[in-house]
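Asks: Structure file input28.pdb, PDB, C-alpha atoms, pLDDT in the B column, is pasted below:
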ATOM      1  CA  ASN K   3      11.321  -0.457  12.971  1.00 59.00           C
ATOM      2  CA  SER K   4      10.649   3.130  13.941  1.00 51.00           C
ATOM      3  CA  ASP K   5      14.321   4.177  13.788  1.00 55.00           C
ATOM      4  CA  ALA K   6      14.786   2.676  10.344  1.00 49.00           C
ATOM      5  CA  ILE K   7      11.635   4.405   9.156  1.00 51.00           C
ATOM      6  CA  LYS K   8      12.934   7.754  10.405  1.00 49.00           C
ATOM      7  CA  THR K   9      16.197   7.113   8.547  1.00 47.00           C
ATOM      8  CA  LEU K  10      14.285   6.454   5.356  1.00 45.00           C
ATOM      9  CA  ALA K  11      12.293   9.626   5.930  1.00 45.00           C
ATOM     10  CA  ALA K  12      15.418  11.731   6.061  1.00 43.00           C
ATOM     11  CA  GLU K  13      16.456  10.401   2.653  1.00 39.00           C
ATOM     12  CA  LEU K  14      13.124  10.745   0.891  1.00 41.00           C
ATOM     13  CA  PRO K  15      12.887  13.357  -1.845  1.00 36.00           C
ATOM     14  CA  GLY K  16      10.009  15.826  -1.969  1.00 37.00           C
ATOM     15  CA  ARG K  17       6.690  14.861  -3.466  1.00 38.00           C
ATOM     16  CA  GLY K  18       6.827  14.495  -7.215  1.00 35.00           C
ATOM     17  CA  PRO K  19       4.650  16.266  -9.764  1.00 33.00           C
ATOM     18  CA  LYS K  20       0.960  15.617  -9.597  1.00 37.00           C
ATOM     19  CA  VAL K  21       0.791  14.454 -13.224  1.00 33.00           C
ATOM     20  CA  LEU K  22       3.034  11.956 -14.982  1.00 36.00           C
ATOM     21  CA  PRO K  23       2.648  10.227 -18.360  1.00 38.00           C
ATOM     22  CA  ILE K  24       2.463   6.422 -18.055  1.00 43.00           C
ATOM     23  CA  GLY K  25       3.515   4.814 -21.314  1.00 50.00           C
ATOM     24  CA  ASN K  26       0.521   4.562 -23.584  1.00 53.00           C
ATOM     25  CA  LYS K  27      -1.961   4.875 -20.745  1.00 57.00           C
ATOM     26  CA  PRO K  28      -3.902   8.095 -20.125  1.00 61.00           C
ATOM     27  CA  THR K  29      -2.205  10.599 -17.858  1.00 77.00           C
ATOM     28  CA  LEU K  30      -2.934  10.034 -14.182  1.00 87.00           C
ATOM     29  CA  THR K  31      -4.327  13.206 -12.670  1.00 85.00           C
ATOM     30  CA  LEU K  32      -4.456  13.500  -8.909  1.00 92.00           C
ATOM     31  CA  PRO K  33      -6.505  16.004  -6.951  1.00 93.00           C
ATOM     32  CA  GLN K  34      -4.647  18.529  -4.821  1.00 94.00           C
ATOM     33  CA  LEU K  35      -3.273  16.386  -2.017  1.00 95.00           C
ATOM     34  CA  HIS K  36      -2.654  17.428   1.563  1.00 95.00           C
ATOM     35  CA  TYR K  37      -1.648  15.644   4.723  1.00 96.00           C
ATOM     36  CA  THR K  38      -1.926  16.536   8.401  1.00 96.00           C
ATOM     37  CA  GLN K  39      -1.590  14.550  11.605  1.00 95.00           C
ATOM     38  CA  ALA K  40      -5.237  15.330  12.375  1.00 96.00           C
ATOM     39  CA  GLU K  41      -6.271  13.689   9.090  1.00 97.00           C
ATOM     40  CA  ALA K  42      -4.064  10.707   9.859  1.00 97.00           C
ATOM     41  CA  ARG K  43      -5.721  10.332  13.267  1.00 97.00           C
ATOM     42  CA  ALA K  44      -9.183  10.563  11.708  1.00 96.00           C
ATOM     43  CA  LEU K  45      -8.282   7.826   9.222  1.00 97.00           C
ATOM     44  CA  ALA K  46      -6.869   5.627  11.965  1.00 97.00           C
ATOM     45  CA  THR K  47     -10.131   5.993  13.895  1.00 96.00           C
ATOM     46  CA  LEU K  48     -12.184   5.215  10.779  1.00 95.00           C
ATOM     47  CA  ARG K  49     -10.246   2.026  10.062  1.00 96.00           C
ATOM     48  CA  GLY K  50      -9.852   0.972  13.709  1.00 96.00           C
ATOM     49  CA  LEU K  51      -6.062   1.082  13.425  1.00 97.00           C
ATOM     50  CA  GLY K  52      -3.308   2.756  15.373  1.00 97.00           C
ATOM     51  CA  VAL K  53      -2.240   6.158  14.122  1.00 97.00           C
ATOM     52  CA  GLU K  54       1.238   4.784  13.366  1.00 97.00           C
ATOM     53  CA  GLY K  55       0.032   3.218  10.097  1.00 97.00           C
ATOM     54  CA  PRO K  56      -1.401   6.347   8.456  1.00 97.00           C
ATOM     55  CA  GLU K  57       1.425   8.485   9.864  1.00 96.00           C
ATOM     56  CA  THR K  58       4.083   6.150   8.458  1.00 95.00           C
ATOM     57  CA  ALA K  59       2.367   6.000   5.064  1.00 95.00           C
ATOM     58  CA  GLY K  60       1.735   9.733   4.858  1.00 95.00           C
ATOM     59  CA  ALA K  61       4.637  11.428   6.599  1.00 93.00           C
ATOM     60  CA  ILE K  62       7.386   8.888   5.930  1.00 92.00           C
ATOM     61  CA  TYR K  63       6.682   6.950   2.744  1.00 93.00           C
ATOM     62  CA  GLY K  64       4.656   9.682   1.040  1.00 92.00           C
ATOM     63  CA  THR K  65       2.087   7.146  -0.147  1.00 95.00           C
ATOM     64  CA  LEU K  66      -0.950   8.577   1.676  1.00 96.00           C
ATOM     65  CA  GLY K  67      -2.644  11.888   1.034  1.00 96.00           C
ATOM     66  CA  PHE K  68      -6.054  13.446   1.461  1.00 98.00           C
ATOM     67  CA  GLY K  69      -8.150  15.228  -1.133  1.00 97.00           C
ATOM     68  CA  THR K  70     -11.496  15.480  -2.897  1.00 97.00           C
ATOM     69  CA  VAL K  71     -12.553  12.786  -5.374  1.00 96.00           C
ATOM     70  CA  ALA K  72     -15.953  12.781  -7.062  1.00 93.00           C
ATOM     71  CA  GLY K  73     -17.064  15.480  -4.615  1.00 95.00           C
ATOM     72  CA  PHE K  74     -16.174  13.500  -1.483  1.00 96.00           C
ATOM     73  CA  ASP K  75     -13.407  13.937   1.097  1.00 97.00           C
ATOM     74  CA  CYS K  76     -11.144  10.941   0.610  1.00 97.00           C
ATOM     75  CA  TRP K  77      -7.967   9.253   1.690  1.00 98.00           C
ATOM     76  CA  ILE K  78      -5.854   8.425  -1.318  1.00 98.00           C
ATOM     77  CA  LEU K  79      -3.005   5.983  -1.797  1.00 97.00           C
ATOM     78  CA  SER K  80      -0.491   6.686  -4.528  1.00 95.00           C
ATOM     79  CA  ASP K  81       3.287   6.811  -4.687  1.00 93.00           C
ATOM     80  CA  LYS K  82       6.029   8.812  -6.295  1.00 90.00           C
ATOM     81  CA  SER K  83       5.850   6.879  -9.557  1.00 90.00           C
ATOM     82  CA  ARG K  84       2.349   8.344 -10.050  1.00 91.00           C
ATOM     83  CA  LYS K  85       1.396   5.153 -11.874  1.00 93.00           C
ATOM     84  CA  LEU K  86      -1.727   4.468  -9.865  1.00 94.00           C
ATOM     85  CA  ALA K  87      -3.963   6.011  -7.242  1.00 96.00           C
ATOM     86  CA  GLU K  88      -6.898   4.656  -5.279  1.00 97.00           C
ATOM     87  CA  ALA K  89      -9.338   6.679  -3.180  1.00 97.00           C
ATOM     88  CA  ARG K  90     -11.704   5.732  -0.373  1.00 98.00           C
ATOM     89  CA  ARG K  91     -14.171   8.004   1.351  1.00 97.00           C
ATOM     90  CA  LEU K  92     -13.264   9.432   4.745  1.00 96.00           C
ATOM     91  CA  ASP K  93     -16.813   8.901   5.972  1.00 96.00           C
ATOM     92  CA  GLY K  94     -16.477   5.175   5.234  1.00 95.00           C
ATOM     93  CA  LYS K  95     -19.388   5.150   2.802  1.00 97.00           C
ATOM     94  CA  MET K  96     -19.549   3.767  -0.740  1.00 96.00           C
ATOM     95  CA  PHE K  97     -19.004   5.837  -3.850  1.00 96.00           C
ATOM     96  CA  PRO K  98     -22.372   6.147  -5.626  1.00 95.00           C
ATOM     97  CA  ALA K  99     -22.936   4.522  -8.995  1.00 93.00           C
ATOM     98  CA  ILE K 100     -22.071   6.682 -11.983  1.00 89.00           C
ATOM     99  CA  GLY K 101     -22.072   5.784 -15.659  1.00 88.00           C
ATOM    100  CA  ASN K 102     -20.840   2.225 -16.066  1.00 89.00           C
ATOM    101  CA  LEU K 103     -19.523   2.122 -12.498  1.00 88.00           C
ATOM    102  CA  GLY K 104     -21.683   0.647  -9.787  1.00 93.00           C
ATOM    103  CA  GLU K 105     -21.468   1.445  -6.086  1.00 95.00           C
ATOM    104  CA  ARG K 106     -17.941   0.753  -4.870  1.00 95.00           C
ATOM    105  CA  LYS K 107     -15.924   1.087  -1.676  1.00 95.00           C
ATOM    106  CA  SER K 108     -12.827   2.246  -3.540  1.00 96.00           C
ATOM    107  CA  HIS K 109     -12.399   4.406  -6.629  1.00 96.00           C
ATOM    108  CA  THR K 110      -9.400   3.919  -8.903  1.00 95.00           C
ATOM    109  CA  LEU K 111      -8.409   7.224 -10.457  1.00 95.00           C
ATOM    110  CA  LYS K 112      -8.442   7.445 -14.223  1.00 92.00           C
ATOM    111  CA  GLY K 113      -5.102   6.643 -15.820  1.00 93.00           C
ATOM    112  CA  SER K 114      -4.024   4.236 -13.071  1.00 94.00           C
ATOM    113  CA  CYS K 115      -2.085   1.095 -13.868  1.00 94.00           C
ATOM    114  CA  LYS K 116      -3.753  -1.324 -11.448  1.00 93.00           C
ATOM    115  CA  SER K 117      -1.089  -3.990 -11.898  1.00 96.00           C
ATOM    116  CA  TRP K 118       1.675  -1.691 -10.658  1.00 96.00           C
ATOM    117  CA  PRO K 119       2.704  -2.488  -7.049  1.00 96.00           C
ATOM    118  CA  LEU K 120       2.113   0.499  -4.811  1.00 96.00           C
ATOM    119  CA  GLY K 121       4.891   1.642  -2.499  1.00 94.00           C
ATOM    120  CA  MET K 122       8.022   0.404  -4.226  1.00 87.00           C
ATOM    121  CA  SER K 123       8.637   3.813  -5.817  1.00 80.00           C
ATOM    122  CA  ILE K 124      10.596   4.919  -2.756  1.00 68.00           C
ATOM    123  CA  LYS K 125      13.326   2.574  -3.926  1.00 41.00           C
ATOM    124  CA  VAL K 126      15.718   5.570  -4.038  1.00 50.00           C
ATOM    125  CA  SER K 127      15.780   5.299  -0.260  1.00 70.00           C
ATOM    126  CA  VAL K 128      15.746   1.499   0.004  1.00 74.00           C
ATOM    127  CA  PRO K 129      19.017  -0.466  -0.219  1.00 74.00           C
ATOM    128  CA  ALA K 130      19.379  -3.334  -2.672  1.00 79.00           C
ATOM    129  CA  GLY K 131      18.153  -6.511  -1.036  1.00 84.00           C
ATOM    130  CA  PHE K 132      15.962  -4.649   1.456  1.00 90.00           C
ATOM    131  CA  PRO K 133      13.117  -7.056   2.416  1.00 94.00           C
ATOM    132  CA  VAL K 134       9.569  -6.443   1.202  1.00 96.00           C
ATOM    133  CA  VAL K 135       6.120  -7.440   2.461  1.00 97.00           C
ATOM    134  CA  ILE K 136       3.422  -7.584  -0.218  1.00 97.00           C
ATOM    135  CA  VAL K 137      -0.183  -7.159   0.902  1.00 97.00           C
ATOM    136  CA  GLU K 138      -3.513  -6.978  -0.869  1.00 96.00           C
ATOM    137  CA  GLY K 139      -5.550  -3.775  -0.878  1.00 96.00           C
ATOM    138  CA  SER K 140      -5.457  -0.317   0.685  1.00 97.00           C
ATOM    139  CA  PRO K 141      -6.584  -1.190   4.248  1.00 97.00           C
ATOM    140  CA  ASP K 142      -3.992  -3.974   4.494  1.00 97.00           C
ATOM    141  CA  TYR K 143      -1.358  -1.513   3.274  1.00 98.00           C
ATOM    142  CA  LEU K 144      -2.135   0.826   6.185  1.00 98.00           C
ATOM    143  CA  ALA K 145      -1.989  -2.155   8.525  1.00 98.00           C
ATOM    144  CA  ALA K 146       1.389  -3.182   7.077  1.00 98.00           C
ATOM    145  CA  CYS K 147       2.683   0.345   7.644  1.00 97.00           C
ATOM    146  CA  GLU K 148       1.648   0.112  11.289  1.00 98.00           C
ATOM    147  CA  ILE K 149       3.440  -3.222  11.585  1.00 98.00           C
ATOM    148  CA  ALA K 150       6.543  -1.735   9.931  1.00 96.00           C
ATOM    149  CA  PHE K 151       6.641   0.967  12.596  1.00 96.00           C
ATOM    150  CA  HIS K 152       6.692  -1.618  15.400  1.00 97.00           C
ATOM    151  CA  ALA K 153       8.661  -4.405  13.726  1.00 96.00           C
ATOM    152  CA  LYS K 154      12.108  -5.461  14.912  1.00 94.00           C
ATOM    153  CA  ARG K 155      13.011  -6.612  11.392  1.00 93.00           C
ATOM    154  CA  GLU K 156      13.150  -3.959   8.686  1.00 92.00           C
ATOM    155  CA  PHE K 157      10.931  -4.273   5.620  1.00 95.00           C
ATOM    156  CA  LEU K 158       9.123  -2.125   3.084  1.00 95.00           C
ATOM    157  CA  PRO K 159       5.330  -2.514   2.709  1.00 97.00           C
ATOM    158  CA  VAL K 160       4.118  -2.822  -0.891  1.00 97.00           C
ATOM    159  CA  ALA K 161       0.514  -3.365  -1.988  1.00 97.00           C
ATOM    160  CA  MET K 162      -1.223  -4.935  -4.938  1.00 97.00           C
ATOM    161  CA  LEU K 163      -4.542  -3.140  -5.244  1.00 94.00           C
ATOM    162  CA  GLY K 164      -6.591  -6.111  -6.344  1.00 89.00           C
ATOM    163  CA  ALA K 165      -6.269  -9.897  -6.083  1.00 89.00           C
ATOM    164  CA  SER K 166      -7.035 -10.327  -9.784  1.00 91.00           C
ATOM    165  CA  GLN K 167      -3.969  -8.346 -10.816  1.00 94.00           C
ATOM    166  CA  ALA K 168      -0.675  -9.896 -11.848  1.00 96.00           C
ATOM    167  CA  ILE K 169       2.441  -7.893 -11.014  1.00 97.00           C
ATOM    168  CA  HIS K 170       3.280  -5.653 -13.970  1.00 96.00           C
ATOM    169  CA  PRO K 171       6.239  -7.121 -15.929  1.00 96.00           C
ATOM    170  CA  ASP K 172       8.087  -3.786 -15.810  1.00 95.00           C
ATOM    171  CA  ALA K 173       7.969  -3.834 -11.996  1.00 95.00           C
ATOM    172  CA  LEU K 174       9.445  -7.279 -11.483  1.00 96.00           C
ATOM    173  CA  GLU K 175      13.110  -6.301 -11.894  1.00 94.00           C
ATOM    174  CA  TRP K 176      12.877  -4.155  -8.749  1.00 93.00           C
ATOM    175  CA  PHE K 177      12.191  -7.271  -6.632  1.00 95.00           C
ATOM    176  CA  LYS K 178      15.262  -9.175  -7.845  1.00 95.00           C
ATOM    177  CA  GLY K 179      17.432 -10.336  -4.946  1.00 95.00           C
ATOM    178  CA  ARG K 180      14.877  -9.397  -2.287  1.00 95.00           C
ATOM    179  CA  ASP K 181      13.119 -11.558   0.283  1.00 96.00           C
ATOM    180  CA  VAL K 182       9.398 -10.952  -0.315  1.00 97.00           C
ATOM    181  CA  LEU K 183       6.859 -12.038   2.283  1.00 97.00           C
ATOM    182  CA  ILE K 184       3.403 -12.334   0.704  1.00 97.00           C
ATOM    183  CA  LEU K 185       0.427 -11.746   3.021  1.00 96.00           C
ATOM    184  CA  ALA K 186      -2.623 -12.084   0.799  1.00 89.00           C
ATOM    185  CA  HIS K 187      -6.214 -12.356   1.979  1.00 92.00           C
ATOM    186  CA  PRO K 188      -7.089 -15.770   3.485  1.00 90.00           C
ATOM    187  CA  ASP K 189      -9.792 -16.597   0.934  1.00 92.00           C
ATOM    188  CA  ALA K 190      -9.738 -18.497  -2.355  1.00 91.00           C
ATOM    189  CA  ALA K 191      -9.041 -15.388  -4.430  1.00 92.00           C
ATOM    190  CA  GLY K 192      -6.309 -14.234  -2.061  1.00 91.00           C
ATOM    191  CA  LEU K 193      -4.556 -17.600  -1.974  1.00 92.00           C
ATOM    192  CA  ALA K 194      -4.688 -17.813  -5.765  1.00 94.00           C
ATOM    193  CA  SER K 195      -3.194 -14.335  -6.068  1.00 95.00           C
ATOM    194  CA  ALA K 196      -0.416 -15.202  -3.603  1.00 95.00           C
ATOM    195  CA  LYS K 197       0.502 -18.235  -5.667  1.00 95.00           C
ATOM    196  CA  LYS K 198       0.473 -16.159  -8.855  1.00 96.00           C
ATOM    197  CA  TRP K 199       2.650 -13.398  -7.389  1.00 97.00           C
ATOM    198  CA  ALA K 200       5.084 -15.919  -5.892  1.00 97.00           C
ATOM    199  CA  GLY K 201       5.561 -17.538  -9.296  1.00 97.00           C
ATOM    200  CA  GLN K 202       6.249 -14.200 -10.938  1.00 97.00           C
ATOM    201  CA  LEU K 203       8.653 -13.108  -8.203  1.00 98.00           C
ATOM    202  CA  LYS K 204      10.605 -16.365  -8.206  1.00 97.00           C
ATOM    203  CA  GLN K 205      11.042 -16.157 -11.960  1.00 97.00           C
ATOM    204  CA  ALA K 206      12.272 -12.565 -11.539  1.00 97.00           C
ATOM    205  CA  GLY K 207      14.999 -13.641  -9.106  1.00 97.00           C
ATOM    206  CA  ALA K 208      13.308 -12.722  -5.841  1.00 97.00           C
ATOM    207  CA  ASN K 209      12.822 -15.019  -2.865  1.00 97.00           C
ATOM    208  CA  PRO K 210       9.039 -15.184  -2.290  1.00 97.00           C
ATOM    209  CA  ILE K 211       7.841 -16.440   1.075  1.00 95.00           C
ATOM    210  CA  GLY K 212       4.157 -17.273   1.486  1.00 90.00           C
ATOM    211  CA  ARG K 213       2.371 -16.964   4.804  1.00 90.00           C
ATOM    212  CA  GLN K 214      -1.303 -17.835   5.185  1.00 88.00           C
ATOM    213  CA  LEU K 215      -3.124 -15.550   7.584  1.00 92.00           C
ATOM    214  CA  GLU K 216      -5.666 -16.973  10.004  1.00 89.00           C
ATOM    215  CA  GLY K 217      -8.586 -15.173  11.580  1.00 89.00           C
ATOM    216  CA  GLY K 218      -8.977 -12.510   8.901  1.00 93.00           C
ATOM    217  CA  ASP K 219      -6.936 -10.334   6.593  1.00 95.00           C
ATOM    218  CA  LEU K 220      -4.000  -8.261   7.820  1.00 97.00           C
ATOM    219  CA  CYS K 221      -6.133  -5.217   8.604  1.00 97.00           C
ATOM    220  CA  ASP K 222      -8.544  -7.383  10.612  1.00 96.00           C
ATOM    221  CA  LEU K 223      -5.668  -8.815  12.643  1.00 97.00           C
ATOM    222  CA  VAL K 224      -4.108  -5.433  13.355  1.00 97.00           C
ATOM    223  CA  LYS K 225      -7.491  -4.009  14.406  1.00 96.00           C
ATOM    224  CA  LEU K 226      -7.975  -6.930  16.763  1.00 96.00           C
ATOM    225  CA  HIS K 227      -4.480  -7.310  18.219  1.00 96.00           C
ATOM    226  CA  GLY K 228      -2.540  -4.141  17.341  1.00 97.00           C
ATOM    227  CA  GLY K 229       0.416  -3.685  15.030  1.00 97.00           C
ATOM    228  CA  LYS K 230       3.078  -4.556  17.605  1.00 97.00           C
ATOM    229  CA  ALA K 231       1.484  -7.893  18.460  1.00 97.00           C
ATOM    230  CA  VAL K 232       0.948  -8.841  14.811  1.00 97.00           C
ATOM    231  CA  ALA K 233       4.572  -7.940  14.038  1.00 97.00           C
ATOM    232  CA  ALA K 234       5.637 -10.399  16.724  1.00 96.00           C
ATOM    233  CA  LEU K 235       3.165 -13.011  15.448  1.00 95.00           C
ATOM    234  CA  LEU K 236       4.687 -12.747  11.957  1.00 95.00           C
ATOM    235  CA  ASN K 237       8.231 -12.732  13.351  1.00 94.00           C
ATOM    236  CA  LEU K 238       8.855  -9.269  11.913  1.00 95.00           C
TER
END
So, in terms of structure tokens, how does the structure I just supplied come out?
Replies:
Amino acid sequence: NSDAIKTLAAELPGRGPKVLPIGNKPTLTLPQLHYTQAEARALATLRGLGVEGPETAGAIYGTLGFGTVAGFDCWILSDKSRKLAEARRLDGKMFPAIGNLGERKSHTLKGSCKSWPLGMSIKVSVPAGFPVVIVEGSPDYLAACEIAFHAKREFLPVAMLGASQAIHPDALEWFKGRDVLILAHPDAAGLASAKKWAGQLKQAGANPIGRQLEGGDLCDLVKLHGGKAVAALLNL
């Protein structure tokens, strides 16, 4: 809920360095990031969401920033682990094809580990056993942040940035002992990913709980009904 989120905010450390080595992977380099409430409002308008989602992600969790990628103004999701970052254009358009990359709605920054769950890096502020909601993709992550603001039950939003990804083995220990609600996309790929993630989480000692969405993905539902109503619908 909003009070719990403010408590977490008070405990959060400052933003980490912009560059961090990731094992044997190339170094992830982020553009200069900035965040303002005006940018959060612009993103909320672009996505058709309430401003609470971008504000919670940016000002509280530190997972949302704004910067320039490939020459375009973008909103960028990353976290304090600096193990992955994904950008989308603020004008809502596609990134143009370049090299071996075709047109795409999102651009994964070089050096990212796509199988790393985004958002769990604020674990320094999250008690052991604190519940988690796993979603699929950047828009659903913003929607989950909006729901977290309104929810009566506390939880931490975490995102897998791609249905094809399995949860990285090194990340699984963090989920041990936690209730994990999985809200994947309601299509064949999403349901398959939910089953895959649930199997991994159960083996790691977590308590995965699957919930099939109806009427669209989480972002669709929040756009249609609002974060407070969807929180109630999901009993959160």
Asks: List as a list of chain:residue names: which residues have an atom within 8 Å of (-2.7, 11.9, -12.1), counting only C-alpha atoms?
Replies: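 Looking at atoms near the point gives K:Lys20, K:Val21, K:Leu22, K:Thr29, K:Leu30, K:Thr31, K:Leu32, K:Pro33, K:Arg84, K:Lys85, K:Leu86, K:Ala87, K:Leu111, K:Lys112, K:Gly113, K:Ser114.
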Asks: Go ahead and compute the interatomic distance for atom CA of K:Leu51 and atom CA of K:His109, in Å to one decimal.
Replies: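 According to the coordinates, atom CA of K:Leu51 and atom CA of K:His109 are separated by 21.3 Å.
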Asks: List the residues selected by the PyMOL selection byres ((chain K and resi 58-75) around 7) in the file shown, writing them as a list of chain:residue names.
Replies: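 Taken over the shown coordinates, the PyMOL selection byres ((chain K and resi 58-75) around 7) returns K:Ile7, K:Ala11, K:Pro33, K:Gln34, K:Leu35, K:His36, K:Tyr37, K:Glu54, K:Gly55, K:Pro56, K:Glu57, K:Cys76, K:Trp77, K:Ile78, K:Leu79, K:Ser80, K:Asp81, K:Arg91, K:Leu92, K:Gly121, K:Leu144, K:Cys147.
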Asks: Let me make sure I understand: among K:Glu138, K:Asp222, K:Glu216, K:Asp181, which one has the smallest atom-to-atom distance to K:Glu156 if we use all atoms listed in the file?
Replies: K:Asp181
Asks: In Å to one decimal, how far is atom CA of K:Ala46 from atom CA of K:Pro159?
Replies: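 The value is 17.3 Å.
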Asks: Given the file above and the PyMOL selection byres ((chain K and resi 116) around 8), which residues are selected, and can you give them as a ChimeraX atom specification?
Replies: /K:86,114-115,117-119,162-164,167
Asks: Evaluate the PyMOL selection byres ((chain K and resi 194) around 12) against this structure - the residues, as a PyMOL selection string, please.
Replies: chain K and resi 138+164-168+184-193+195-201+212+214
Asks: Can you give me all heavy atoms for stretch 145-152 of chain K, written as a short mmCIF file (atom, residue, chain, number, x, y, z; two decimals), in the coordinates of the input?
Replies:
data_model
loop_
_atom_site.label_atom_id
_atom_site.label_comp_id
_atom_site.auth_asym_id
_atom_site.auth_seq_id
_atom_site.Cartn_x
_atom_site.Cartn_y
_atom_site.Cartn_z
N ALA K 145 -2.33 -1.24 7.44
CA ALA K 145 -1.99 -2.15 8.52
C ALA K 145 -0.52 -2.56 8.46
O ALA K 145 0.17 -2.63 9.49
CB ALA K 145 -2.88 -3.39 8.46
N ALA K 146 -0.01 -2.81 7.24
CA ALA K 146 1.39 -3.18 7.08
C ALA K 146 2.32 -2.04 7.48
O ALA K 146 3.41 -2.27 8.03
CB ALA K 146 1.65 -3.60 5.63
N CYS K 147 1.89 -0.81 7.22
CA CYS K 147 2.68 0.34 7.64
C CYS K 147 2.74 0.45 9.16
O CYS K 147 3.78 0.82 9.74
CB CYS K 147 2.11 1.63 7.04
SG CYS K 147 2.37 1.81 5.26
N GLU K 148 1.65 0.12 9.82
CA GLU K 148 1.65 0.11 11.29
C GLU K 148 2.58 -0.97 11.82
O GLU K 148 3.35 -0.75 12.77
CB GLU K 148 0.23 -0.11 11.83
CG GLU K 148 0.16 -0.10 13.35
CD GLU K 148 -1.26 -0.19 13.89
OE1 GLU K 148 -2.21 0.10 13.15
OE2 GLU K 148 -1.41 -0.56 15.07
N ILE K 149 2.54 -2.14 11.18
CA ILE K 149 3.44 -3.22 11.58
C ILE K 149 4.89 -2.83 11.37
O ILE K 149 5.76 -3.09 12.20
CB ILE K 149 3.10 -4.50 10.80
CG1 ILE K 149 1.72 -5.04 11.24
CG2 ILE K 149 4.16 -5.57 11.00
CD1 ILE K 149 1.19 -6.16 10.37
N ALA K 150 5.17 -2.15 10.23
CA ALA K 150 6.54 -1.74 9.93
C ALA K 150 7.09 -0.80 11.01
O ALA K 150 8.27 -0.85 11.35
CB ALA K 150 6.59 -1.05 8.56
N PHE K 151 6.22 0.04 11.54
CA PHE K 151 6.64 0.97 12.60
C PHE K 151 7.10 0.22 13.84
O PHE K 151 8.07 0.61 14.50
CB PHE K 151 5.49 1.91 12.95
CG PHE K 151 5.84 2.92 14.00
CD1 PHE K 151 6.43 4.13 13.66
CD2 PHE K 151 5.58 2.66 15.34
CE1 PHE K 151 6.77 5.06 14.63
CE2 PHE K 151 5.92 3.59 16.32
CZ PHE K 151 6.51 4.79 15.96
N HIS K 152 6.41 -0.88 14.17
CA HIS K 152 6.69 -1.62 15.40
C HIS K 152 7.67 -2.77 15.21
O HIS K 152 8.21 -3.29 16.20
CB HIS K 152 5.39 -2.18 15.99
CG HIS K 152 4.45 -1.14 16.49
ND1 HIS K 152 4.67 -0.42 17.64
CD2 HIS K 152 3.27 -0.69 15.98
CE1 HIS K 152 3.67 0.42 17.84
NE2 HIS K 152 2.80 0.29 16.85
#
